[in-house]
Amino acid sequence: MTGTGTSSALVMGVLNVTPDSFSDGGRFLGFEEAVAHGRSMIAAGADIIDVGWRSPVGPGPSRSRR
């Protein structure tokens with residue numbers, strides 16, 4: 001893989017820290033819970049942790065119709 005210093009594939013763990021997470025239902029909102037889950041993913045073999053802190057499907061700003 002270019003730029004990673006390795007020629008093999010890497011495993012990425014996804015850690016969602018939003019209350020409306022589609023994959024974990026907001027189980028890792030607290031700092032301690034999030035760090036513990038990140039560490040457990042590393043122990044399970046994750047090379048990279050992607051921390052998602054903002055949901056792209058949340059309520060967002062309201063729009064008015066014209």
# chains A, B, ... in the order shown; residues from 1 in each chain; ligands from 1
>>> residues_around(residues="Leu10 (chain A)", least_positions_apart="4", cutoff="8 Å", atoms="only C-alpha atoms", output="PyMOL selection string")
chain A and resi 46-48
>>> write_last_selection(atoms="C-alpha atoms", output="PDB file, in the first residue's frame")
ATOM      1  CA  ALA A  46      -7.018  -3.484  13.920  1.00  0.00           C
ATOM      2  CA  ASP A  47      -4.131  -1.481  12.456  1.00  0.00           C
ATOM      3  CA  ILE A  48      -6.100   1.769  12.123  1.00  0.00           C
TER       4      ILE A  48
END
>>> atom_distance(atom1="CA of Val35 (chain A)", atom2="CA of Met12 (chain A)")
15.4 Å
>>> atom_distance(atom1="CA of Gly30 (chain A)", atom2="CA of Asp50 (chain A)")
16.5 Å
>>> atom_distance(atom1="CA of Leu29 (chain A)", atom2="CA of Val14 (chain A)")
13.6 Å
>>> closest_residue(among="A:Gly52, A:Ser7, A:Asp24, A:Leu15", to="Ala36 (chain A)", atoms="only C-alpha atoms")
A:Leu15
>>> closest_residue(among="A:Gly13, A:Pro19, A:Gly26, A:His37", to="Ile49 (chain A)", atoms="only C-alpha atoms")
A:Gly13
